[in-house]
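Data from query_26.cif: mmCIF, C-alpha atoms
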data_upload
loop_
_atom_site.group_PDB
_atom_site.id
_atom_site.type_symbol
_atom_site.label_atom_id
_atom_site.label_comp_id
_atom_site.auth_asym_id
_atom_site.auth_seq_id
_atom_site.Cartn_x
_atom_site.Cartn_y
_atom_site.Cartn_z
ATOM 1 C CA MET A 1 -10.342 26.319 -4.358
ATOM 2 C CA ASN A 2 -7.809 23.472 -4.619
ATOM 3 C CA GLN A 3 -9.220 20.627 -2.534
ATOM 4 C CA ARG A 4 -7.825 17.183 -1.736
ATOM 5 C CA TYR A 5 -9.777 14.235 -0.323
ATOM 6 C CA PHE A 6 -8.429 10.866 0.858
ATOM 7 C CA LEU A 7 -10.290 7.547 0.623
ATOM 8 C CA LEU A 8 -8.307 4.970 2.574
ATOM 9 C CA GLY A 9 -8.759 1.317 3.372
ATOM 10 C CA PRO A 10 -6.971 -2.016 3.555
ATOM 11 C CA THR A 11 -6.581 -4.502 0.748
ATOM 12 C CA ALA A 12 -9.895 -5.827 -0.669
ATOM 13 C CA SER A 13 -12.035 -3.227 1.117
ATOM 14 C CA GLY A 14 -13.803 -2.076 -2.051
ATOM 15 C CA LYS A 15 -12.071 1.287 -2.442
ATOM 16 C CA THR A 16 -12.085 1.241 -6.261
ATOM 17 C CA GLU A 17 -15.847 0.858 -6.619
ATOM 18 C CA VAL A 18 -16.624 3.477 -3.986
ATOM 19 C CA ALA A 19 -14.077 5.914 -5.453
ATOM 20 C CA LEU A 20 -15.532 5.747 -8.950
ATOM 21 C CA ASP A 21 -18.914 6.946 -7.679
ATOM 22 C CA LEU A 22 -17.486 9.315 -5.074
ATOM 23 C CA ALA A 23 -15.277 11.121 -7.603
ATOM 24 C CA GLY A 24 -18.359 12.158 -9.564
ATOM 25 C CA ARG A 25 -20.080 13.483 -6.450
ATOM 26 C CA LEU A 26 -16.969 15.509 -5.529
ATOM 27 C CA ASP A 27 -16.165 16.663 -9.077
ATOM 28 C CA ALA A 28 -12.757 15.049 -8.577
ATOM 29 C CA GLU A 29 -10.192 12.962 -10.422
ATOM 30 C CA ILE A 30 -8.539 9.959 -8.788
ATOM 31 C CA LEU A 31 -4.881 9.831 -7.735
ATOM 32 C CA SER A 32 -3.638 6.384 -6.736
ATOM 33 C CA LEU A 33 -2.239 5.993 -3.232
ATOM 34 C CA ASP A 34 -1.061 2.410 -3.795
ATOM 35 C CA SER A 35 2.640 1.561 -3.963
ATOM 36 C CA MET A 36 2.108 -1.380 -6.336
ATOM 37 C CA LEU A 37 -0.105 0.344 -8.913
ATOM 38 C CA VAL A 38 2.898 2.353 -10.126
ATOM 39 C CA TYR A 39 4.249 -0.780 -11.877
ATOM 40 C CA ARG A 40 3.301 -1.421 -15.499
ATOM 41 C CA GLY A 41 2.002 -4.880 -16.294
ATOM 42 C CA MET A 42 1.178 -5.712 -12.671
ATOM 43 C CA ASP A 43 -2.536 -5.435 -13.294
ATOM 44 C CA ILE A 44 -4.329 -8.568 -12.129
ATOM 45 C CA GLY A 45 -2.351 -9.227 -8.953
ATOM 46 C CA THR A 46 -2.693 -5.628 -7.751
ATOM 47 C CA ALA A 47 -6.412 -5.373 -8.605
ATOM 48 C CA LYS A 48 -5.545 -2.349 -10.718
ATOM 49 C CA PRO A 49 -8.585 -0.425 -12.003
ATOM 50 C CA SER A 50 -9.594 -1.643 -15.437
ATOM 51 C CA ALA A 51 -9.307 0.400 -18.627
ATOM 52 C CA LYS A 52 -13.080 0.859 -18.542
ATOM 53 C CA GLU A 53 -12.989 2.137 -14.956
ATOM 54 C CA MET A 54 -10.125 4.514 -15.723
ATOM 55 C CA ALA A 55 -12.070 5.820 -18.719
ATOM 56 C CA THR A 56 -15.044 6.572 -16.475
ATOM 57 C CA VAL A 57 -12.995 8.792 -14.148
ATOM 58 C CA PRO A 58 -9.482 10.039 -15.007
ATOM 59 C CA HIS A 59 -6.839 8.232 -12.910
ATOM 60 C CA HIS A 60 -3.278 9.346 -12.166
ATOM 61 C CA LEU A 61 -0.092 7.868 -10.624
ATOM 62 C CA ILE A 62 -0.659 4.451 -12.221
ATOM 63 C CA ASP A 63 1.763 2.616 -14.563
ATOM 64 C CA LEU A 64 4.686 4.950 -13.918
ATOM 65 C CA VAL A 65 7.617 2.483 -14.030
ATOM 66 C CA GLU A 66 8.562 -1.066 -15.009
ATOM 67 C CA PRO A 67 8.453 -3.812 -12.339
ATOM 68 C CA SER A 68 12.243 -4.117 -12.594
ATOM 69 C CA GLU A 69 12.672 -0.499 -11.385
ATOM 70 C CA GLU A 70 12.744 0.798 -7.822
ATOM 71 C CA PHE A 71 10.289 3.519 -6.877
ATOM 72 C CA SER A 72 10.723 5.588 -3.719
ATOM 73 C CA VAL A 73 8.334 7.690 -1.686
ATOM 74 C CA ALA A 74 10.303 10.771 -2.783
ATOM 75 C CA ARG A 75 9.637 9.931 -6.446
ATOM 76 C CA TYR A 76 5.984 9.370 -5.608
ATOM 77 C CA LEU A 77 5.659 12.789 -3.955
ATOM 78 C CA GLU A 78 7.234 14.436 -6.996
ATOM 79 C CA ALA A 79 4.837 12.650 -9.358
ATOM 80 C CA ALA A 80 1.881 13.407 -7.075
ATOM 81 C CA ALA A 81 2.673 17.128 -7.011
ATOM 82 C CA ALA A 82 2.738 17.207 -10.822
ATOM 83 C CA ALA A 83 -0.541 15.275 -11.060
ATOM 84 C CA GLU A 84 -2.241 17.546 -8.530
ATOM 85 C CA ALA A 85 -1.161 20.642 -10.444
ATOM 86 C CA ASP A 86 -2.601 19.170 -13.651
ATOM 87 C CA VAL A 87 -5.937 18.336 -12.024
ATOM 88 C CA PHE A 88 -6.272 21.667 -10.224
ATOM 89 C CA ALA A 89 -5.425 23.559 -13.424
ATOM 90 C CA ARG A 90 -8.587 22.069 -14.958
ATOM 91 C CA GLY A 91 -10.712 23.186 -12.029
ATOM 92 C CA LYS A 92 -11.162 19.697 -10.613
ATOM 93 C CA LYS A 93 -10.654 18.377 -7.090
ATOM 94 C CA VAL A 94 -8.280 15.538 -6.125
ATOM 95 C CA LEU A 95 -9.390 12.233 -4.597
ATOM 96 C CA TYR A 96 -6.506 10.073 -3.357
ATOM 97 C CA VAL A 97 -7.448 6.389 -3.144
ATOM 98 C CA GLY A 98 -5.375 3.601 -1.617
ATOM 99 C CA GLY A 99 -3.908 1.983 1.437
ATOM 100 C CA THR A 100 -0.160 2.690 1.406
ATOM 101 C CA THR A 101 0.108 4.319 4.811
ATOM 102 C CA MET A 102 3.662 5.641 4.445
ATOM 103 C CA TRP A 103 2.701 7.512 1.284
ATOM 104 C CA PHE A 104 -0.403 8.913 2.955
ATOM 105 C CA LYS A 105 1.668 10.185 5.881
ATOM 106 C CA ALA A 106 4.220 11.713 3.511
ATOM 107 C CA LEU A 107 1.474 13.502 1.580
ATOM 108 C CA VAL A 108 -0.185 15.047 4.619
ATOM 109 C CA PHE A 109 2.804 15.545 6.963
ATOM 110 C CA GLY A 110 5.849 15.576 4.670
ATOM 111 C CA LEU A 111 8.808 13.218 4.327
ATOM 112 C CA LEU A 112 10.653 11.857 7.316
ATOM 113 C CA GLU A 113 14.142 13.297 7.414
ATOM 114 C CA ILE A 114 15.972 10.012 8.038
ATOM 115 C CA PRO A 115 19.494 9.632 6.602
ATOM 116 C CA ASP A 116 19.883 6.985 3.908
ATOM 117 C CA ILE A 117 21.280 3.592 4.889
ATOM 118 C CA PRO A 118 24.682 3.159 3.189
ATOM 119 C CA GLN A 119 24.571 0.683 0.315
ATOM 120 C CA GLN A 120 27.327 -1.451 1.841
ATOM 121 C CA LEU A 121 25.345 -1.787 5.069
ATOM 122 C CA GLN A 122 22.213 -2.689 3.099
ATOM 123 C CA GLY A 123 24.155 -5.488 1.432
ATOM 124 C CA GLU A 124 25.530 -6.746 4.751
ATOM 125 C CA LEU A 125 22.057 -6.820 6.295
ATOM 126 C CA GLN A 126 20.621 -8.654 3.307
ATOM 127 C CA GLN A 127 23.404 -11.247 3.499
ATOM 128 C CA GLN A 128 22.768 -11.729 7.208
ATOM 129 C CA TRP A 129 19.043 -12.202 6.560
ATOM 130 C CA ASP A 130 19.671 -14.666 3.709
ATOM 131 C CA HIS A 131 22.191 -16.648 5.776
ATOM 132 C CA SER A 132 20.598 -16.637 9.235
ATOM 133 C CA GLY A 133 16.945 -15.763 8.639
ATOM 134 C CA ALA A 134 14.777 -13.391 10.591
ATOM 135 C CA ALA A 135 15.440 -14.447 14.187
ATOM 136 C CA ASP A 136 18.833 -12.806 14.828
ATOM 137 C CA LEU A 137 17.947 -9.486 13.226
ATOM 138 C CA TYR A 138 14.573 -9.367 14.934
ATOM 139 C CA ARG A 139 16.229 -9.975 18.332
ATOM 140 C CA GLU A 140 18.621 -7.132 17.556
ATOM 141 C CA LEU A 141 15.652 -4.906 16.746
ATOM 142 C CA GLN A 142 13.880 -5.867 19.974
ATOM 143 C CA GLN A 143 16.938 -4.838 21.996
ATOM 144 C CA ALA A 144 17.755 -1.646 20.079
ATOM 145 C CA ASP A 145 14.244 -0.393 19.265
ATOM 146 C CA PRO A 146 11.518 -2.250 21.199
ATOM 147 C CA ALA A 147 8.854 0.228 20.066
ATOM 148 C CA ALA A 148 9.526 -0.607 16.405
ATOM 149 C CA ALA A 149 9.783 -4.351 17.129
ATOM 150 C CA GLU A 150 6.367 -4.282 18.756
ATOM 151 C CA ARG A 151 4.656 -3.066 15.584
ATOM 152 C CA ILE A 152 6.750 -5.003 13.018
ATOM 153 C CA HIS A 153 5.927 -8.646 12.309
ATOM 154 C CA PRO A 154 8.880 -10.974 13.103
ATOM 155 C CA ASN A 155 8.998 -12.141 9.471
ATOM 156 C CA ASP A 156 8.587 -8.759 7.768
ATOM 157 C CA GLU A 157 11.918 -8.691 5.940
ATOM 158 C CA ARG A 158 11.702 -5.236 4.391
ATOM 159 C CA ARG A 159 10.694 -3.408 7.567
ATOM 160 C CA ILE A 160 13.104 -5.300 9.844
ATOM 161 C CA LEU A 161 16.044 -4.605 7.540
ATOM 162 C CA ARG A 162 15.013 -0.965 7.346
ATOM 163 C CA ALA A 163 14.669 -0.529 11.116
ATOM 164 C CA VAL A 164 17.916 -2.325 11.969
ATOM 165 C CA GLY A 165 19.706 -0.485 9.166
ATOM 166 C CA VAL A 166 18.601 2.919 10.462
ATOM 167 C CA GLN A 167 19.698 1.997 13.990
ATOM 168 C CA ARG A 168 23.128 0.781 12.866
ATOM 169 C CA ALA A 169 23.715 3.656 10.439
ATOM 170 C CA THR A 170 22.618 6.516 12.697
ATOM 171 C CA GLY A 171 22.866 5.182 16.230
ATOM 172 C CA THR A 172 19.277 6.349 16.735
ATOM 173 C CA ALA A 173 16.195 4.124 16.799
ATOM 174 C CA LEU A 174 13.802 4.302 13.869
ATOM 175 C CA SER A 175 10.917 4.917 16.270
ATOM 176 C CA THR A 176 12.751 7.998 17.538
ATOM 177 C CA TRP A 177 13.188 9.345 14.011
ATOM 178 C CA GLN A 178 9.505 8.690 13.385
ATOM 179 C CA GLN A 179 8.488 11.093 16.145
ATOM 180 C CA GLN A 180 8.562 13.626 13.310
ATOM 181 C CA TRP A 181 5.294 11.923 12.312
ATOM 182 C CA ARG A 182 3.314 12.298 15.513
ATOM 183 C CA GLN A 183 0.165 10.200 15.288
ATOM 184 C CA ASP A 184 -1.878 12.844 17.102
ATOM 185 C CA GLN A 185 -1.245 15.578 14.558
ATOM 186 C CA PRO A 186 -4.588 16.838 13.257
ATOM 187 C CA LEU A 187 -5.553 16.013 9.691
ATOM 188 C CA ARG A 188 -6.402 19.251 7.919
ATOM 189 C CA GLU A 189 -8.026 17.617 4.884
ATOM 190 C CA PRO A 190 -11.045 15.295 4.564
ATOM 191 C CA ALA A 191 -9.967 11.662 4.920
ATOM 192 C CA ALA A 192 -12.089 8.526 5.371
ATOM 193 C CA LEU A 193 -11.366 4.908 6.238
ATOM 194 C CA LEU A 194 -13.482 2.003 4.943
ATOM 195 C CA GLU A 195 -13.887 -0.543 7.744
ATOM 196 C CA TRP A 196 -15.109 -4.140 7.443
ATOM 197 C CA PRO A 197 -15.537 -6.841 10.085
ATOM 198 C CA ARG A 198 -12.243 -8.734 9.875
ATOM 199 C CA SER A 199 -13.892 -12.111 9.176
ATOM 200 C CA ILE A 200 -15.702 -10.734 6.123
ATOM 201 C CA LEU A 201 -12.573 -9.018 4.847
ATOM 202 C CA HIS A 202 -10.642 -12.297 5.095
ATOM 203 C CA GLN A 203 -13.324 -14.024 3.018
ATOM 204 C CA ARG A 204 -13.084 -11.273 0.405
ATOM 205 C CA VAL A 205 -9.296 -11.727 0.227
ATOM 206 C CA ALA A 206 -9.531 -15.493 -0.346
ATOM 207 C CA LYS A 207 -12.147 -15.087 -3.070
ATOM 208 C CA ARG A 208 -10.134 -12.375 -4.770
ATOM 209 C CA PHE A 209 -6.952 -14.433 -5.072
ATOM 210 C CA HIS A 210 -8.775 -17.354 -6.672
ATOM 211 C CA ALA A 211 -10.502 -14.937 -9.058
ATOM 212 C CA MET A 212 -7.097 -13.462 -9.962
ATOM 213 C CA VAL A 213 -5.789 -16.891 -10.953
ATOM 214 C CA GLU A 214 -8.834 -17.435 -13.141
ATOM 215 C CA ALA A 215 -8.278 -13.993 -14.704
ATOM 216 C CA GLY A 216 -4.713 -14.885 -15.744
ATOM 217 C CA LEU A 217 -2.406 -14.062 -12.804
ATOM 218 C CA LEU A 218 0.018 -16.890 -13.657
ATOM 219 C CA GLU A 219 0.330 -15.696 -17.237
ATOM 220 C CA GLU A 220 0.833 -12.104 -16.072
ATOM 221 C CA ILE A 221 3.701 -13.119 -13.789
ATOM 222 C CA ALA A 222 5.324 -15.269 -16.473
ATOM 223 C CA ALA A 223 5.154 -12.342 -18.912
ATOM 224 C CA ILE A 224 6.855 -10.001 -16.440
ATOM 225 C CA GLN A 225 9.560 -12.578 -15.747
ATOM 226 C CA GLY A 226 10.165 -12.859 -19.461
ATOM 227 C CA SER A 227 10.566 -9.112 -20.010
ATOM 228 C CA GLY A 228 12.892 -7.747 -17.359
ATOM 229 C CA GLY A 229 11.603 -9.499 -14.267
ATOM 230 C CA PHE A 230 10.785 -8.044 -10.872
ATOM 231 C CA GLY A 231 12.920 -5.551 -8.975
ATOM 232 C CA ARG A 232 13.488 -5.782 -5.225
ATOM 233 C CA THR A 233 10.304 -3.911 -4.289
ATOM 234 C CA ALA A 234 7.873 -5.162 -6.936
ATOM 235 C CA GLY A 235 9.064 -8.744 -6.429
ATOM 236 C CA LYS A 236 7.876 -8.682 -2.836
ATOM 237 C CA ALA A 237 4.293 -7.782 -3.756
ATOM 238 C CA ILE A 238 1.987 -10.185 -1.957
ATOM 239 C CA GLY A 239 0.545 -12.710 -4.376
ATOM 240 C CA TYR A 240 3.312 -12.298 -6.928
ATOM 241 C CA ARG A 241 6.050 -13.696 -4.675
ATOM 242 C CA GLN A 242 3.939 -16.693 -3.640
ATOM 243 C CA VAL A 243 2.841 -17.540 -7.190
ATOM 244 C CA LEU A 244 6.453 -17.176 -8.324
ATOM 245 C CA ASP A 245 7.335 -19.853 -5.771
ATOM 246 C CA TYR A 246 4.771 -22.120 -7.449
ATOM 247 C CA LEU A 247 6.081 -21.353 -10.944
ATOM 248 C CA GLU A 248 9.607 -22.135 -9.724
ATOM 249 C CA GLY A 249 8.458 -25.513 -8.352
ATOM 250 C CA LYS A 250 8.859 -24.586 -4.679
ATOM 251 C CA CYS A 251 5.242 -25.309 -3.704
ATOM 252 C CA THR A 252 1.875 -26.268 -5.126
ATOM 253 C CA LEU A 253 -0.424 -23.567 -6.457
ATOM 254 C CA GLU A 254 -2.832 -24.081 -3.570
ATOM 255 C CA GLU A 255 0.009 -23.731 -1.055
ATOM 256 C CA GLY A 256 1.149 -20.558 -2.758
ATOM 257 C CA LEU A 257 -2.348 -19.088 -2.657
ATOM 258 C CA GLU A 258 -2.745 -20.023 1.006
ATOM 259 C CA LYS A 259 0.489 -18.193 1.821
ATOM 260 C CA ALA A 260 -0.671 -15.186 -0.189
ATOM 261 C CA VAL A 261 -3.972 -15.069 1.697
ATOM 262 C CA THR A 262 -2.215 -15.395 5.067
ATOM 263 C CA LYS A 263 0.295 -12.653 4.258
ATOM 264 C CA THR A 264 -2.473 -10.390 2.975
ATOM 265 C CA ASN A 265 -4.418 -10.820 6.198
ATOM 266 C CA VAL A 266 -1.292 -9.896 8.184
ATOM 267 C CA LEU A 267 -0.878 -6.825 5.959
ATOM 268 C CA ILE A 268 -4.497 -5.856 6.545
ATOM 269 C CA ARG A 269 -4.026 -5.988 10.320
ATOM 270 C CA ARG A 270 -0.971 -3.757 10.005
ATOM 271 C CA GLN A 271 -2.745 -1.327 7.654
ATOM 272 C CA MET A 272 -5.731 -1.009 9.981
ATOM 273 C CA THR A 273 -3.533 -0.491 13.045
ATOM 274 C CA TRP A 274 -1.731 2.387 11.317
ATOM 275 C CA LEU A 275 -4.847 3.938 9.838
ATOM 276 C CA ARG A 276 -6.860 3.752 13.055
ATOM 277 C CA SER A 277 -4.072 5.646 14.815
ATOM 278 C CA PHE A 278 -5.281 8.849 13.120
ATOM 279 C CA PRO A 279 -8.043 10.190 15.385
ATOM 280 C CA ASP A 280 -9.480 12.530 12.747
ATOM 281 C CA LEU A 281 -10.210 9.893 10.108
ATOM 282 C CA LEU A 282 -13.883 9.560 9.226
ATOM 283 C CA ARG A 283 -14.540 5.853 9.781
ATOM 284 C CA ILE A 284 -17.118 4.354 7.421
ATOM 285 C CA GLU A 285 -18.600 1.050 8.536
ATOM 286 C CA MET A 286 -19.061 -1.172 5.481
ATOM 287 C CA ARG A 287 -22.123 -3.390 5.206
ATOM 288 C CA GLU A 288 -22.458 -6.562 3.188
ATOM 289 C CA GLY A 289 -24.744 -6.063 0.231
ATOM 290 C CA GLU A 290 -24.606 -2.271 0.339
ATOM 291 C CA ALA A 291 -23.963 -0.763 -3.094
ATOM 292 C CA ALA A 292 -20.799 1.251 -3.639
ATOM 293 C CA SER A 293 -22.972 4.204 -4.674
ATOM 294 C CA GLU A 294 -24.684 4.155 -1.275
ATOM 295 C CA VAL A 295 -21.325 4.181 0.515
ATOM 296 C CA ALA A 296 -20.188 7.055 -1.699
ATOM 297 C CA LEU A 297 -23.361 8.987 -0.899
ATOM 298 C CA ARG A 298 -22.805 8.498 2.829
ATOM 299 C CA LEU A 299 -19.258 9.765 2.458
ATOM 300 C CA ALA A 300 -20.064 12.772 0.290
ATOM 301 C CA THR A 301 -22.905 13.753 2.614
ATOM 302 C CA ALA A 302 -20.625 13.562 5.674
ATOM 303 C CA TRP A 303 -17.905 15.627 3.993
ATOM 304 C CA HIS A 304 -20.319 18.289 2.771
ATOM 305 C CA ALA A 305 -22.264 18.522 6.025
#
Please, can you express the file's structure as structure tokens?
Amino acid sequence: MNQRYFLLGPTASGKTEVALDLAGRLDAEILSLDSMLVYRGMDIGTAKPSAKEMATVPHHLIDLVEPSEEFSVARYLEAAAAAEADVFARGKKVLYVGGTTMWFKALVFGLLEIPDIPQQLQGELQQQWDHSGAADLYRELQQADPAAAERIHPNDERRILRAVGVQRATGTALSTWQQQWRQDQPLREPAALLEWPRSILHQRVAKRFHAMVEAGLLEEIAAIQGSGGFGRTAGKAIGYRQVLDYLEGKCTLEEGLEKAVTKTNVLIRRQMTWLRSFPDLLRIEMREGEAASEVALRLATAWHA
């Protein structure tokens, strides 16, 4: 029987290590559920699984496009369907691993049927943001769609522009469109969330960024800049944008890393808020010092009970 599993968690929660062991217990192959792993060459800053790890368990939906290209959720769903068919044809199960909540929702509930924002309007919104900053557009969002404003950080450029753009283009609030994705819909497939105490997760994030610099993050970014550069989406990846500011002389390296850590912690709060809104998720409490294999065993046992 074709079976899909979902291993979810915020940035730096240890999903990769757990997934490698869990895939063997489930007789599954791994499909990435991370919006930044689709970009070739963005390896260190995204904590992409290593060649050795990907040789241990087959991985899919990684290194699909160049960082200069845009990649939509619709393209992801198309690629995911093809990857699933390939895995199922070989009699294996599918284990999705990642933390991109929009992609997870699209996989289990389908795409939101929201009209596209006209390109001219996108340009006008971007100009307004660049000229006036976040405050004016965020106030507009608060007035037009208070439900969306409540869950979007006042400095989250991408999501503010999206929400205001949908409101202006359609005359209907984004939060109203999103009722198609009711949070209380039951999950019909096994899905688990790795949970850490927030203080420990923040420590893991800080350590990881400094390790990335030691592993060659600056050189990775310089190489991408020298061969096509970053597109609109890839260029906003946390860590890359802040180190680019350092390379462009806008801040010190330490300042850039501090900003990256802060933004990552904000992202983690947002990821956990979204993920915890699904009542059927199996929540796995992570423990310091516990081996990934032990976590995987707990998960496999719960799913097969």
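Comparing the minimum interatomic distances between Lys15 of chain A and each of A:Gln167, A:Ser293, A:Ser227, A:Thr301, counting only C-alpha atoms, we find that A:Ser293 sits nearest.
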Near-Ile224 of chain A list (10 Å; all atoms listed in the file; drop same-chain fewer than 2 positions) as a list of chain:residue names
A:Arg40, A:Gly41, A:Met42, A:Glu66, A:Pro67, A:Ser68, A:Glu219, A:Glu220, A:Ile221, A:Ala222, A:Gly226, A:Ser227, A:Gly228, A:Gly229, A:Phe230
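Using all atoms listed in the file for every distance, the candidate list A:Arg159, A:His304, A:Arg208, A:Arg269 yields A:Arg269 as the residue closest to Trp196 of chain A.
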Any chance you could work out the residue set of the PyMOL selection byres ((chain A and resi 25-37) around 6) here, as a PyMOL selection string?
chain A and resi 22-24+38-39+58-62+92-100
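Distance-wise, atom CA of Glu70 of chain A and atom CA of Ala19 of chain A end up 27.4 Å apart.
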Segment 186-201 of chain A, all listed atoms, 4 Å padding on each side: what axis-aligned box centre and edge lengths in Å to one decimal come out, as AutoDock Vina command-line options?
--center_x -10.1 --center_y 3.6 --center_z 8.9 --size_x 19.1 --size_y 39.4 --size_z 16.7
Given the file shown, enumerate the residues that the PyMOL selection byres ((chain A and resi 254-256) around 9) captures and present them as a list in words.
Gly239, Arg241, Gln242, Val243, Leu244, Asp245, Tyr246, Lys250, Cys251, Thr252, Leu253, Leu257, Glu258, Lys259, Ala260 and Val261 of chain A
Would you export the selected residues with C-alpha atoms as a PDB file, in the coordinates of the input, please?
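out.pdb, freshly written:
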ATOM      1  CA  GLY A 239       0.545 -12.710  -4.376  1.00  0.00           C
ATOM      2  CA  ARG A 241       6.050 -13.696  -4.675  1.00  0.00           C
ATOM      3  CA  GLN A 242       3.939 -16.693  -3.640  1.00  0.00           C
ATOM      4  CA  VAL A 243       2.841 -17.540  -7.190  1.00  0.00           C
ATOM      5  CA  LEU A 244       6.453 -17.176  -8.324  1.00  0.00           C
ATOM      6  CA  ASP A 245       7.335 -19.853  -5.771  1.00  0.00           C
ATOM      7  CA  TYR A 246       4.771 -22.120  -7.449  1.00  0.00           C
ATOM      8  CA  LYS A 250       8.859 -24.586  -4.679  1.00  0.00           C
ATOM      9  CA  CYS A 251       5.242 -25.309  -3.704  1.00  0.00           C
ATOM     10  CA  THR A 252       1.875 -26.268  -5.126  1.00  0.00           C
ATOM     11  CA  LEU A 253      -0.424 -23.567  -6.457  1.00  0.00           C
ATOM     12  CA  LEU A 257      -2.348 -19.088  -2.657  1.00  0.00           C
ATOM     13  CA  GLU A 258      -2.745 -20.023   1.006  1.00  0.00           C
ATOM     14  CA  LYS A 259       0.489 -18.193   1.821  1.00  0.00           C
ATOM     15  CA  ALA A 260      -0.671 -15.186  -0.189  1.00  0.00           C
ATOM     16  CA  VAL A 261      -3.972 -15.069   1.697  1.00  0.00           C
TER      17      VAL A 261
END
Point-to-point distance from atom CA of Ser199 of chain A to atom CA of Gly14 of chain A, Å rounded to tenths:
15.1 Å
Between atom CA of Arg162 of chain A and atom CA of Leu125 of chain A, what is the distance, to one decimal in Å?
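Going from atom CA of Arg162 of chain A over to atom CA of Leu125 of chain A, I get 9.2 Å.
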For each of A:Ile284, A:Val18, A:Ala206, A:Leu275, take the minimum atom-to-atom distance to Trp103 of chain A, counting all atoms listed in the file, then give the residue where this is smallest.
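Checking each of A:Ile284, A:Val18, A:Ala206, A:Leu275 against Trp103 of chain A, counting all atoms listed in the file, the winner is A:Leu275.
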When you count only C-alpha atoms, which of these residues is closest to Ala300 of chain A: A:Leu137, A:Leu174, A:Leu7, A:Ala106?
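Of all the options, A:Leu7 lies closest to Ala300 of chain A.
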Residue nearest Asp116 of chain A among A:Ile44, A:Ala163, A:Ala89, A:Ala147 (counting all atoms listed in the file)
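Ranked by minimum distance to Asp116 of chain A, first place goes to A:Ala163.
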Could you check which of A:Arg198, A:Arg270, A:Thr46, A:Gly110 is closest to Ala74 of chain A, using only C-alpha atoms?
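Closest to Ala74 of chain A of all the choices is A:Gly110.
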Can you turn the PyMOL selection byres ((chain A and resi 282) around 9) into a concrete residue list for this file, as a ChimeraX atom specification?
/A:190-194,279-281,283-284,299,302-303
